[in-house]
file start_29.txt (compact mmCIF, C-alpha atoms and all ligand atoms)
# COMPACT_ATOMS: atom_id res chain seq x y z
CA MET W 142 0.00 0.00 0.00
CA SER W 143 1.06 3.51 -0.76
CA GLU W 144 1.91 5.83 2.12
CA TYR W 145 -0.02 8.57 0.33
CA VAL W 146 -3.77 8.99 0.34
CA ILE W 147 -3.35 11.22 -2.70
CA SER W 148 -0.62 11.38 -5.29
CA ILE W 149 -1.16 13.65 -8.27
CA LYS W 150 1.45 14.34 -10.90
CA ASN W 151 1.41 17.04 -13.57
CA ILE W 152 -2.36 17.39 -13.64
CA SER W 153 -3.98 20.11 -15.70
CA LYS W 154 -7.52 21.34 -16.10
CA THR W 155 -8.75 23.78 -18.71
CA TYR W 156 -12.31 25.13 -18.96
CA TRP W 157 -13.49 25.74 -22.50
CA GLY W 158 -16.21 28.33 -22.26
CA ALA W 159 -17.50 30.85 -24.77
CA GLY W 160 -14.41 33.07 -24.73
CA GLU W 161 -10.77 32.32 -24.05
CA PRO W 162 -9.96 28.93 -22.49
CA VAL W 163 -9.23 29.18 -18.75
CA HIS W 164 -6.26 27.16 -17.56
CA ALA W 165 -7.53 26.59 -14.03
CA LEU W 166 -4.74 24.16 -13.07
CA ARG W 167 -1.42 23.96 -14.84
CA SER W 168 0.72 20.89 -14.31
CA VAL W 169 0.18 20.55 -10.57
CA SER W 170 1.89 17.81 -8.55
CA LEU W 171 1.11 17.03 -4.93
CA ASN W 172 1.51 14.12 -2.52
CA ILE W 173 -0.68 14.00 0.59
CA PRO W 174 0.58 11.46 3.12
CA LYS W 175 -2.02 9.34 4.91
CA GLY W 176 -3.11 11.04 8.11
CA GLU W 177 -2.04 14.55 7.11
CA MET W 178 -4.07 17.69 7.81
CA LEU W 179 -3.41 20.06 4.94
CA ALA W 180 -4.58 23.55 4.01
CA ILE W 181 -4.83 24.73 0.41
CA MET W 182 -4.70 28.51 0.18
CA GLY W 183 -4.76 31.00 -2.66
CA PRO W 184 -6.60 34.08 -3.87
CA SER W 185 -9.98 33.90 -5.56
CA GLY W 186 -9.72 32.33 -9.00
CA SER W 187 -6.38 30.60 -8.27
CA GLY W 188 -7.83 27.12 -8.82
CA LYS W 189 -8.67 25.97 -5.27
CA SER W 190 -12.17 24.70 -6.00
CA THR W 191 -11.02 23.09 -9.23
CA MET W 192 -8.35 21.31 -7.22
CA MET W 193 -10.95 20.17 -4.66
CA ASN W 194 -13.21 18.86 -7.43
CA LEU W 195 -10.35 16.88 -8.94
CA LEU W 196 -9.05 15.57 -5.60
CA GLY W 197 -12.63 14.62 -4.72
CA CYS W 198 -13.13 12.74 -8.02
CA LEU W 199 -16.07 14.96 -8.92
CA ASP W 200 -14.22 15.73 -12.12
CA LYS W 201 -11.21 14.31 -13.94
CA PRO W 202 -8.06 16.18 -14.93
CA ASP W 203 -7.44 16.66 -18.67
CA GLU W 204 -4.00 15.17 -18.25
CA GLY W 205 -1.56 13.92 -15.67
CA SER W 206 -1.80 11.05 -13.21
CA TYR W 207 -3.86 10.66 -10.06
CA ILE W 208 -3.52 7.80 -7.58
CA PHE W 209 -6.04 7.77 -4.71
CA SER W 210 -5.38 5.26 -1.93
CA GLY W 211 -3.42 3.12 -4.37
CA GLN W 212 -6.05 3.28 -7.14
CA ASP W 213 -5.47 4.75 -10.58
CA ILE W 214 -8.24 7.34 -10.89
CA MET W 215 -7.56 8.12 -14.55
CA ALA W 216 -8.51 4.54 -15.47
CA LEU W 217 -11.96 4.65 -13.82
CA ASP W 218 -15.24 5.47 -15.58
CA ARG W 219 -17.97 7.74 -14.19
CA ASP W 220 -19.80 5.02 -12.26
CA GLN W 221 -16.62 3.67 -10.73
CA LEU W 222 -15.59 7.20 -9.76
CA ALA W 223 -18.98 7.86 -8.13
CA LYS W 224 -18.77 4.66 -6.12
CA LEU W 225 -15.22 5.38 -4.93
CA ARG W 226 -16.19 8.94 -4.06
CA ASN W 227 -19.24 7.92 -2.02
CA ILE W 228 -17.31 5.44 0.06
CA LEU W 229 -13.80 6.85 0.38
CA ILE W 230 -14.22 10.63 0.40
CA GLY W 231 -16.17 12.90 2.75
CA PHE W 232 -17.14 16.40 1.62
CA VAL W 233 -17.82 19.52 3.69
CA PHE W 234 -18.83 22.84 2.15
CA GLN W 235 -19.18 26.45 3.22
CA GLN W 236 -22.99 26.33 3.04
CA PHE W 237 -23.47 23.03 4.96
CA ASN W 238 -25.83 21.69 2.22
CA LEU W 239 -28.19 20.00 4.68
CA LEU W 240 -31.72 18.95 3.78
CA GLY W 241 -33.96 21.49 5.51
CA ARG W 242 -36.88 19.12 6.15
CA ALA W 243 -34.72 16.31 7.50
CA THR W 244 -33.54 16.02 11.10
CA ALA W 245 -29.86 16.06 12.06
CA LEU W 246 -29.93 12.27 12.33
CA GLU W 247 -31.67 11.81 8.97
CA ASN W 248 -29.18 14.12 7.29
CA VAL W 249 -26.26 12.18 8.75
CA CYS W 250 -27.76 8.82 7.74
CA LEU W 251 -28.44 9.81 4.13
CA PRO W 252 -25.12 8.53 2.66
CA LEU W 253 -25.77 5.18 4.39
CA ILE W 254 -29.04 4.77 2.48
CA TYR W 255 -27.11 5.13 -0.78
CA ALA W 256 -24.55 2.68 0.56
CA GLY W 257 -27.32 0.14 1.26
CA VAL W 258 -26.90 -0.01 5.04
CA LYS W 259 -30.03 -1.35 6.79
CA GLY W 260 -32.30 0.75 9.03
CA ARG W 261 -31.22 -0.15 12.52
CA GLU W 262 -27.50 -0.16 11.81
CA ARG W 263 -27.92 3.08 9.90
CA GLU W 264 -29.44 4.81 12.89
CA ALA W 265 -26.82 3.44 15.27
CA ARG W 266 -24.03 4.70 13.02
CA GLY W 267 -25.72 8.09 12.66
CA MET W 268 -26.08 8.44 16.44
CA GLU W 269 -22.43 7.50 16.90
CA MET W 270 -21.33 10.13 14.38
CA LEU W 271 -23.46 12.84 16.02
CA ARG W 272 -21.89 11.94 19.36
CA LEU W 273 -18.45 12.16 17.77
CA VAL W 274 -19.08 15.77 16.70
CA GLY W 275 -20.59 16.74 20.07
CA LEU W 276 -24.27 16.86 19.07
CA GLN W 277 -25.80 14.21 21.31
CA GLY W 278 -29.26 15.37 22.32
CA ARG W 279 -29.75 17.25 19.03
CA GLU W 280 -30.51 14.21 16.84
CA HIS W 281 -34.10 15.18 16.10
CA HIS W 282 -33.59 18.89 15.51
CA LEU W 283 -34.12 20.34 12.06
CA PRO W 284 -31.29 22.40 10.55
CA ARG W 285 -33.14 25.68 11.20
CA GLN W 286 -33.32 24.77 14.90
CA LEU W 287 -29.52 24.59 15.04
CA SER W 288 -26.85 27.30 15.03
CA GLY W 289 -24.48 27.66 12.07
CA GLY W 290 -21.72 25.87 13.94
CA GLN W 291 -24.06 23.03 14.90
CA GLN W 292 -25.23 22.71 11.30
CA GLN W 293 -21.63 22.43 10.16
CA ARG W 294 -21.10 19.72 12.79
CA VAL W 295 -24.03 17.80 11.30
CA ALA W 296 -22.45 18.19 7.84
CA ILE W 297 -19.13 16.92 9.22
CA ALA W 298 -20.86 13.95 10.85
CA ARG W 299 -22.58 13.20 7.53
CA SER W 300 -19.25 13.40 5.68
CA LEU W 301 -17.71 10.83 8.04
CA VAL W 302 -20.54 8.33 8.32
CA ASN W 303 -19.11 6.06 5.60
CA ARG W 304 -15.69 6.15 7.32
CA PRO W 305 -13.89 7.81 4.39
CA HIS W 306 -10.12 7.81 3.88
CA LEU W 307 -10.13 11.52 3.20
CA LEU W 308 -12.15 14.54 4.27
CA LEU W 309 -12.25 17.41 1.77
CA ALA W 310 -13.52 20.73 3.05
CA ASP W 311 -14.01 23.77 0.78
CA GLU W 312 -14.07 26.92 2.95
CA PRO W 313 -15.74 25.02 5.86
CA THR W 314 -15.71 28.08 8.11
CA GLY W 315 -16.58 30.62 5.42
CA ALA W 316 -20.12 31.13 6.74
CA LEU W 317 -19.19 31.13 10.45
CA ASP W 318 -18.06 33.79 12.92
CA THR W 319 -14.51 33.70 14.26
CA LYS W 320 -15.27 31.93 17.55
CA THR W 321 -17.35 29.23 15.86
CA SER W 322 -14.71 28.85 13.14
CA VAL W 323 -12.07 28.10 15.76
CA GLU W 324 -14.39 25.54 17.37
CA ILE W 325 -14.97 23.80 14.05
CA MET W 326 -11.22 23.74 13.37
CA GLY W 327 -10.77 22.28 16.86
CA LEU W 328 -13.25 19.53 15.98
CA LEU W 329 -11.42 18.77 12.72
CA GLN W 330 -8.11 18.66 14.62
CA GLN W 331 -9.65 16.25 17.12
CA LEU W 332 -10.99 13.98 14.36
CA HIS W 333 -7.62 14.10 12.67
CA ARG W 334 -5.80 13.22 15.88
CA GLU W 335 -8.18 10.62 17.26
CA GLN W 336 -9.45 8.97 14.07
CA GLY W 337 -6.25 9.29 12.03
CA LEU W 338 -8.30 11.00 9.33
CA SER W 339 -6.58 12.63 6.34
CA ILE W 340 -7.99 16.13 5.83
CA ALA W 341 -7.56 18.75 3.10
CA ILE W 342 -9.10 22.15 3.74
CA VAL W 343 -9.46 24.95 1.23
CA THR W 344 -9.38 28.34 2.89
CA HIS W 345 -8.23 31.85 2.21
CA GLU W 346 -8.12 32.68 5.92
CA PRO W 347 -4.63 32.49 7.51
CA ASP W 348 -6.17 31.93 10.96
CA ILE W 349 -7.85 28.79 9.66
CA ALA W 350 -4.84 27.50 7.73
CA GLN W 351 -2.58 27.71 10.77
CA HIS W 352 -4.57 24.89 12.40
CA CYS W 353 -3.18 22.53 9.76
CA GLN W 354 0.16 20.68 9.59
CA ARG W 355 1.02 21.88 6.13
CA ILE W 356 0.04 24.77 3.87
CA VAL W 357 0.08 24.61 0.07
CA ARG W 358 -0.45 27.84 -1.84
CA LEU W 359 -1.95 28.14 -5.29
CA SER W 360 -1.60 31.08 -7.59
CA ASP W 361 -2.88 31.22 -11.13
CA GLY W 362 -3.33 27.46 -11.32
CA GLN W 363 0.07 26.49 -9.96
CA ILE W 364 1.54 25.59 -6.56
CA ILE W 365 3.85 28.44 -5.65
CA ASN W 366 4.59 27.45 -2.06
CA ASP W 367 4.43 24.32 0.12
CA GLU W 368 5.41 24.51 3.76
CA ILE W 369 5.18 22.51 6.97
CA VAL W 370 3.74 24.35 9.99
CA PRO W 371 6.09 23.68 12.93
CA GLU W 372 4.15 21.57 15.44
CA HIS W 373 4.72 23.88 18.39
CA LEU W 374 3.51 26.86 16.38
CA ARG W 375 0.29 25.31 15.15
CA ALA W 376 -2.93 26.89 16.35
CA GLU W 377 -4.68 24.54 18.77
CA ALA W 378 -8.39 24.28 19.36
CA GLY W 379 -9.37 27.39 21.23
CA VAL W 380 -5.75 28.30 21.90
CA VAL W 381 -4.84 31.51 20.19
CA ARG W 382 -1.27 31.76 18.95
CA THR W 383 0.95 34.30 20.70
CA GLU W 384 2.47 37.23 18.85
CA ALA W 385 5.86 35.47 19.15
CA ASP W 386 4.38 32.35 17.50
CA LYS W 387 3.00 34.44 14.69
CA GLU W 388 6.36 36.11 14.21
CA ALA W 389 8.13 32.75 14.15
CA PHE W 390 5.68 31.35 11.62
CA PRO W 391 3.72 34.07 9.88
CA VAL W 392 0.79 32.90 7.80
CA ARG W 393 0.31 35.51 5.15
CA LYS W 394 -3.06 36.52 3.83
CA ALA W 395 -3.85 34.87 0.52
CA VAL W 396 -5.84 37.74 -0.90
N1 LIG J 401 -17.06 25.55 -14.76
C1 LIG J 401 -16.21 26.51 -15.14
N2 LIG J 401 -16.23 26.99 -16.40
C2 LIG J 401 -15.36 27.94 -16.81
N3 LIG J 401 -14.41 28.49 -16.02
C3 LIG J 401 -14.34 28.05 -14.75
C4 LIG J 401 -15.22 27.04 -14.24
N4 LIG J 401 -14.91 26.82 -12.92
C5 LIG J 401 -13.89 27.64 -12.64
N5 LIG J 401 -13.53 28.39 -13.73
C6 LIG J 401 -12.41 29.36 -13.80
O1 LIG J 401 -11.23 28.67 -13.42
C7 LIG J 401 -10.40 29.50 -12.60
C8 LIG J 401 -10.21 28.83 -11.23
O2 LIG J 401 -11.46 28.80 -10.56
P1 LIG J 401 -11.67 28.12 -9.13
O3 LIG J 401 -11.05 26.78 -9.16
O4 LIG J 401 -13.10 28.20 -8.80
O5 LIG J 401 -10.80 29.07 -8.19
P2 LIG J 401 -10.93 29.41 -6.62
O6 LIG J 401 -11.73 28.33 -5.97
O7 LIG J 401 -9.51 29.48 -6.15
O8 LIG J 401 -11.60 30.75 -6.53
C9 LIG J 401 -11.12 30.85 -12.51
O9 LIG J 401 -10.56 31.67 -13.50
C10 LIG J 401 -12.55 30.50 -12.82
O10 LIG J 401 -13.21 31.60 -13.39
MG MG J 402 -13.47 28.41 -4.76
call {"tool": "encode", "arguments": {"input": "start_29.txt", "output": "structure tokens", "more": "lines below"}}
Ligand SMILES: Nc1ncnc2c1ncn2[C@@H]1O[C@H](COP(=O)(O)OP(=O)(O)O)[C@@H](O)[C@H]1O
Ligand SMILES: [Mg+2]
result
Amino acid sequence: MSEYVISIKNISKTYWGAGEPVHALRSVSLNIPKGEMLAIMGPSGSGKSTMMNLLGCLDKPDEGSYIFSGQDIMALDRDQLAKLRNILIGFVFQQFNLLGRATALENVCLPLIYAGVKGREREARGMEMLRLVGLQGREHHLPRQLSGGQQQRVAIARSLVNRPHLLLADEPTGALDTKTSVEIMGLLQQLHREQGLSIAIVTHEPDIAQHCQRIVRLSDGQIINDEIVPEHLRAEAGVVRTEADKEAFPVRKAV
């Protein structure tokens, strides 16, 4: 088995619209070791979401190679990609994307229906996931009866219910206030630490990125910087970095 959850080499993606073609990613290579918590930063339009879509097998690169958990993604057809995606990859988005008429528990259990898991086991797994994200007692609430942070916890629980190898989060704190954002990053750190989950987070906020172990920067469709955040300088759940920490490891604004 490969020690990488993701290994991409020289991948490119061009959008052919009405006008000029847009080269959203240009020969990007990246290895993500199993169990890493990574931030992908970059200004608007730099290719972050395109990268997420490709890493998440929602779309295929035009060229290059992509190995996910030892499997050659370029060789798979649409159905095979969808199956792999549903089982091996969890997704979290800025806008939570919960079903408004479904309870927290029903939202979390949804991917298990697609996976063919039977009723009682489904519910047990859903309850376990809600406990994992600190929402016990809120199982039967509707999304509108929950705060933004709680809704994002439901979305995180839903993303993990199939026990994926990788969690992909595109601006997961983009709709949350600062305090709630730090709490959500604390939860992701905890899941990373305790479940050994590999996590890639797209963000343009330095305060969010500094919770990760590594920061990759995109600009104009290319990786321009790739750095490891020194362990002792990482932001911890609820622990704000000191000015000295920030000086030792400044995380620059992406925009
Ligand atoms: N479906 C699409 N069709 C055409 N152009 C697109 C499409 N999606 C993204 N782009 C373009 O590709 C570039 C990268 O976009 P994106 O990956 O969304 O960047 P980011 O998430 O960093 O803002 C931008 O110039 C954007 O306008
Ligand atoms: Mg984007």
call {"tool": "atom_distance", "arguments": {"input": "start_29.txt", "atom1": "atom CA of Asn172 of chain W", "atom2": "atom CA of Gly315 of chain W"}}
result
25.7 Å
call {"tool": "atom_distance", "arguments": {"input": "start_29.txt", "atom1": "atom CA of Arg266 of chain W", "atom2": "atom CA of Met193 of chain W"}}
result
26.9 Å
call {"tool": "atom_distance", "arguments": {"input": "start_29.txt", "atom1": "atom CA of Arg299 of chain W", "atom2": "atom CA of Leu273 of chain W"}}
result
11.1 Å
call {"tool": "residues_around", "arguments": {"input": "start_29.txt", "residues": "Pro174 of chain W", "least_positions_apart": "4", "cutoff": "10 Å", "atoms": "only C-alpha atoms", "output": "list in words"}}
result
Ser143, Glu144, Tyr145, Val146, Ile147, Ser148, Met178, Leu179, Ser210 and Ser339 of chain W
call {"tool": "write_last_selection", "arguments": {"input": "start_29.txt", "atoms": "C-alpha atoms", "output": "PDB file, in the coordinates of the input"}}
result
ATOM      1  CA  SER W 143       1.060   3.510  -0.760  1.00  0.00           C
ATOM      2  CA  GLU W 144       1.910   5.830   2.120  1.00  0.00           C
ATOM      3  CA  TYR W 145      -0.020   8.570   0.330  1.00  0.00           C
ATOM      4  CA  VAL W 146      -3.770   8.990   0.340  1.00  0.00           C
ATOM      5  CA  ILE W 147      -3.350  11.220  -2.700  1.00  0.00           C
ATOM      6  CA  SER W 148      -0.620  11.380  -5.290  1.00  0.00           C
ATOM      7  CA  MET W 178      -4.070  17.690   7.810  1.00  0.00           C
ATOM      8  CA  LEU W 179      -3.410  20.060   4.940  1.00  0.00           C
ATOM      9  CA  SER W 210      -5.380   5.260  -1.930  1.00  0.00           C
ATOM     10  CA  SER W 339      -6.580  12.630   6.340  1.00  0.00           C
TER      11      SER W 339
END
call {"tool": "closest_residue", "arguments": {"input": "start_29.txt", "among": "W:Ser206, W:Thr319, W:Gln236, W:Thr344", "to": "ligand MG 402 (chain J)", "atoms": "only C-alpha atoms and all ligand atoms"}}
result
W:Thr344
call {"tool": "residues_near_ligand", "arguments": {"input": "start_29.txt", "ligand": "ligand MG 402 (chain J)", "cutoff": "12 Å", "atoms": "all atoms listed in the file", "output": "list in words"}}
result
Ala165, Ile181, Met182, Gly183, Pro184, Ser185, Gly186, Ser187, Gly188, Lys189, Ser190, Thr191, Met192, Met193, Asn194, Phe234, Gln235, Ala310, Asp311, Glu312, Pro313, Gly315, Ile342, Val343, Thr344, His345 and Leu359 of chain W
call {"tool": "write_last_selection", "arguments": {"input": "start_29.txt", "atoms": "C-alpha atoms", "output": "CSV table (one decimal), keeping the file's coordinate frame"}}
result
chain,number,residue,atom,x,y,z
W,165,ALA,CA,-7.5,26.6,-14.0
W,181,ILE,CA,-4.8,24.7,0.4
W,182,MET,CA,-4.7,28.5,0.2
W,183,GLY,CA,-4.8,31.0,-2.7
W,184,PRO,CA,-6.6,34.1,-3.9
W,185,SER,CA,-10.0,33.9,-5.6
W,186,GLY,CA,-9.7,32.3,-9.0
W,187,SER,CA,-6.4,30.6,-8.3
W,188,GLY,CA,-7.8,27.1,-8.8
W,189,LYS,CA,-8.7,26.0,-5.3
W,190,SER,CA,-12.2,24.7,-6.0
W,191,THR,CA,-11.0,23.1,-9.2
W,192,MET,CA,-8.4,21.3,-7.2
W,193,MET,CA,-11.0,20.2,-4.7
W,194,ASN,CA,-13.2,18.9,-7.4
W,234,PHE,CA,-18.8,22.8,2.2
W,235,GLN,CA,-19.2,26.4,3.2
W,310,ALA,CA,-13.5,20.7,3.0
W,311,ASP,CA,-14.0,23.8,0.8
W,312,GLU,CA,-14.1,26.9,3.0
W,313,PRO,CA,-15.7,25.0,5.9
W,315,GLY,CA,-16.6,30.6,5.4
W,342,ILE,CA,-9.1,22.2,3.7
W,343,VAL,CA,-9.5,25.0,1.2
W,344,THR,CA,-9.4,28.3,2.9
W,345,HIS,CA,-8.2,31.8,2.2
W,359,LEU,CA,-2.0,28.1,-5.3
call {"tool": "residues_around", "arguments": {"input": "start_29.txt", "residues": "Gly278 of chain W", "least_positions_apart": "4", "cutoff": "12 Å", "atoms": "all atoms listed in the file", "output": "ChimeraX atom specification"}}
result
/W:245-246,268-269,271-272,274,282,287,291
call {"tool": "write_last_selection", "arguments": {"input": "start_29.txt", "atoms": "C-alpha atoms", "output": "tab-separated table (two decimals), in the coordinates of the input"}}
result
chain	number	residue	atom	x	y	z
W	245	ALA	CA	-29.86	16.06	12.06
W	246	LEU	CA	-29.93	12.27	12.33
W	268	MET	CA	-26.08	8.44	16.44
W	269	GLU	CA	-22.43	7.50	16.90
W	271	LEU	CA	-23.46	12.84	16.02
W	272	ARG	CA	-21.89	11.94	19.36
W	274	VAL	CA	-19.08	15.77	16.70
W	282	HIS	CA	-33.59	18.89	15.51
W	287	LEU	CA	-29.52	24.59	15.04
W	291	GLN	CA	-24.06	23.03	14.90
call {"tool": "closest_residue", "arguments": {"input": "start_29.txt", "among": "W:Arg261, W:Arg358, W:Arg242, W:Arg375", "to": "ligand LIG 401 (chain J)", "atoms": "all atoms listed in the file"}}
result
W:Arg358
call {"tool": "closest_residue", "arguments": {"input": "start_29.txt", "among": "W:Glu264, W:Asp218, W:Asp203, W:Glu161", "to": "ligand LIG 401 (chain J)", "atoms": "all atoms listed in the file"}}
result
W:Glu161
call {"tool": "closest_residue", "arguments": {"input": "start_29.txt", "among": "W:Leu222, W:Leu239, W:Ile364, W:Leu253", "to": "ligand LIG 401 (chain J)", "atoms": "all atoms listed in the file"}}
result
W:Ile364
call {"tool": "closest_residue", "arguments": {"input": "start_29.txt", "among": "W:Ser288, W:Asn366, W:Ser360, W:Gln277", "to": "ligand LIG 401 (chain J)", "atoms": "only C-alpha atoms and all ligand atoms"}}
result
W:Ser360
call {"tool": "closest_residue", "arguments": {"input": "start_29.txt", "among": "W:Pro284, W:Gly231, W:Pro202, W:Gly211", "to": "Lys175 of chain W", "atoms": "all atoms listed in the file"}}
result
W:Gly211
call {"tool": "build_atoms", "arguments": {"input": "start_29.txt", "residues": "segment 169-189 of chain W", "atoms": "N, CA, C and O atoms", "output": "mmCIF file, keeping the file's coordinate frame"}}
result
data_model
loop_
_atom_site.group_PDB
_atom_site.id
_atom_site.type_symbol
_atom_site.label_atom_id
_atom_site.label_comp_id
_atom_site.auth_asym_id
_atom_site.auth_seq_id
_atom_site.Cartn_x
_atom_site.Cartn_y
_atom_site.Cartn_z
ATOM 1 N N VAL W 169 0.031 20.546 -12.026
ATOM 2 C CA VAL W 169 0.180 20.550 -10.570
ATOM 3 C C VAL W 169 0.530 19.144 -10.070
ATOM 4 O O VAL W 169 -0.070 18.159 -10.493
ATOM 5 N N SER W 170 1.525 19.081 -9.192
ATOM 6 C CA SER W 170 1.890 17.810 -8.550
ATOM 7 C C SER W 170 1.799 17.967 -7.049
ATOM 8 O O SER W 170 2.182 19.002 -6.503
ATOM 9 N N LEU W 171 1.271 16.935 -6.377
ATOM 10 C CA LEU W 171 1.110 17.030 -4.930
ATOM 11 C C LEU W 171 0.963 15.627 -4.336
ATOM 12 O O LEU W 171 0.193 14.820 -4.853
ATOM 13 N N ASN W 172 1.706 15.354 -3.278
ATOM 14 C CA ASN W 172 1.510 14.120 -2.520
ATOM 15 C C ASN W 172 0.941 14.484 -1.161
ATOM 16 O O ASN W 172 1.471 15.357 -0.473
ATOM 17 N N ILE W 173 -0.132 13.810 -0.759
ATOM 18 C CA ILE W 173 -0.680 14.000 0.590
ATOM 19 C C ILE W 173 -0.518 12.697 1.354
ATOM 20 O O ILE W 173 -1.173 11.702 1.033
ATOM 21 N N PRO W 174 0.387 12.681 2.345
ATOM 22 C CA PRO W 174 0.580 11.460 3.120
ATOM 23 C C PRO W 174 -0.692 11.092 3.888
ATOM 24 O O PRO W 174 -1.461 11.978 4.264
ATOM 25 N N LYS W 175 -0.887 9.785 4.095
ATOM 26 C CA LYS W 175 -2.020 9.340 4.910
ATOM 27 C C LYS W 175 -1.936 9.995 6.278
ATOM 28 O O LYS W 175 -0.869 10.072 6.881
ATOM 29 N N GLY W 176 -3.074 10.472 6.770
ATOM 30 C CA GLY W 176 -3.110 11.040 8.110
ATOM 31 C C GLY W 176 -2.640 12.484 8.195
ATOM 32 O O GLY W 176 -2.452 13.009 9.286
ATOM 33 N N GLU W 177 -2.462 13.147 7.059
ATOM 34 C CA GLU W 177 -2.040 14.550 7.110
ATOM 35 C C GLU W 177 -3.253 15.481 7.158
ATOM 36 O O GLU W 177 -4.319 15.162 6.659
ATOM 37 N N MET W 178 -3.056 16.632 7.806
ATOM 38 C CA MET W 178 -4.070 17.690 7.810
ATOM 39 C C MET W 178 -3.469 18.883 7.068
ATOM 40 O O MET W 178 -2.537 19.518 7.540
ATOM 41 N N LEU W 179 -4.017 19.137 5.893
ATOM 42 C CA LEU W 179 -3.410 20.060 4.940
ATOM 43 C C LEU W 179 -4.354 21.219 4.628
ATOM 44 O O LEU W 179 -5.561 21.023 4.518
ATOM 45 N N ALA W 180 -3.785 22.408 4.473
ATOM 46 C CA ALA W 180 -4.580 23.550 4.010
ATOM 47 C C ALA W 180 -4.140 23.913 2.593
ATOM 48 O O ALA W 180 -2.954 23.896 2.281
ATOM 49 N N ILE W 181 -5.123 24.214 1.746
ATOM 50 C CA ILE W 181 -4.830 24.730 0.410
ATOM 51 C C ILE W 181 -5.319 26.168 0.369
ATOM 52 O O ILE W 181 -6.499 26.434 0.562
ATOM 53 N N MET W 182 -4.366 27.089 0.168
ATOM 54 C CA MET W 182 -4.700 28.510 0.180
ATOM 55 C C MET W 182 -4.486 29.110 -1.212
ATOM 56 O O MET W 182 -3.847 28.505 -2.059
ATOM 57 N N GLY W 183 -4.970 30.308 -1.393
ATOM 58 C CA GLY W 183 -4.760 31.000 -2.660
ATOM 59 C C GLY W 183 -5.865 32.001 -2.863
ATOM 60 O O GLY W 183 -6.970 31.835 -2.352
ATOM 61 N N PRO W 184 -5.571 33.060 -3.631
ATOM 62 C CA PRO W 184 -6.600 34.080 -3.870
ATOM 63 C C PRO W 184 -7.741 33.534 -4.715
ATOM 64 O O PRO W 184 -7.628 32.457 -5.305
ATOM 65 N N SER W 185 -8.820 34.277 -4.761
ATOM 66 C CA SER W 185 -9.980 33.900 -5.560
ATOM 67 C C SER W 185 -9.570 33.703 -7.014
ATOM 68 O O SER W 185 -8.815 34.491 -7.570
ATOM 69 N N GLY W 186 -10.022 32.608 -7.597
ATOM 70 C CA GLY W 186 -9.720 32.330 -9.000
ATOM 71 C C GLY W 186 -8.401 31.603 -9.215
ATOM 72 O O GLY W 186 -8.011 31.338 -10.352
ATOM 73 N N SER W 187 -7.703 31.234 -8.128
ATOM 74 C CA SER W 187 -6.380 30.600 -8.270
ATOM 75 C C SER W 187 -6.476 29.116 -8.591
ATOM 76 O O SER W 187 -5.461 28.488 -8.898
ATOM 77 N N GLY W 188 -7.680 28.533 -8.467
ATOM 78 C CA GLY W 188 -7.830 27.120 -8.820
ATOM 79 C C GLY W 188 -8.141 26.206 -7.643
ATOM 80 O O GLY W 188 -8.137 24.983 -7.791
ATOM 81 N N LYS W 189 -8.445 26.778 -6.475
ATOM 82 C CA LYS W 189 -8.670 25.970 -5.270
ATOM 83 C C LYS W 189 -9.867 25.015 -5.420
ATOM 84 O O LYS W 189 -9.762 23.832 -5.118
#
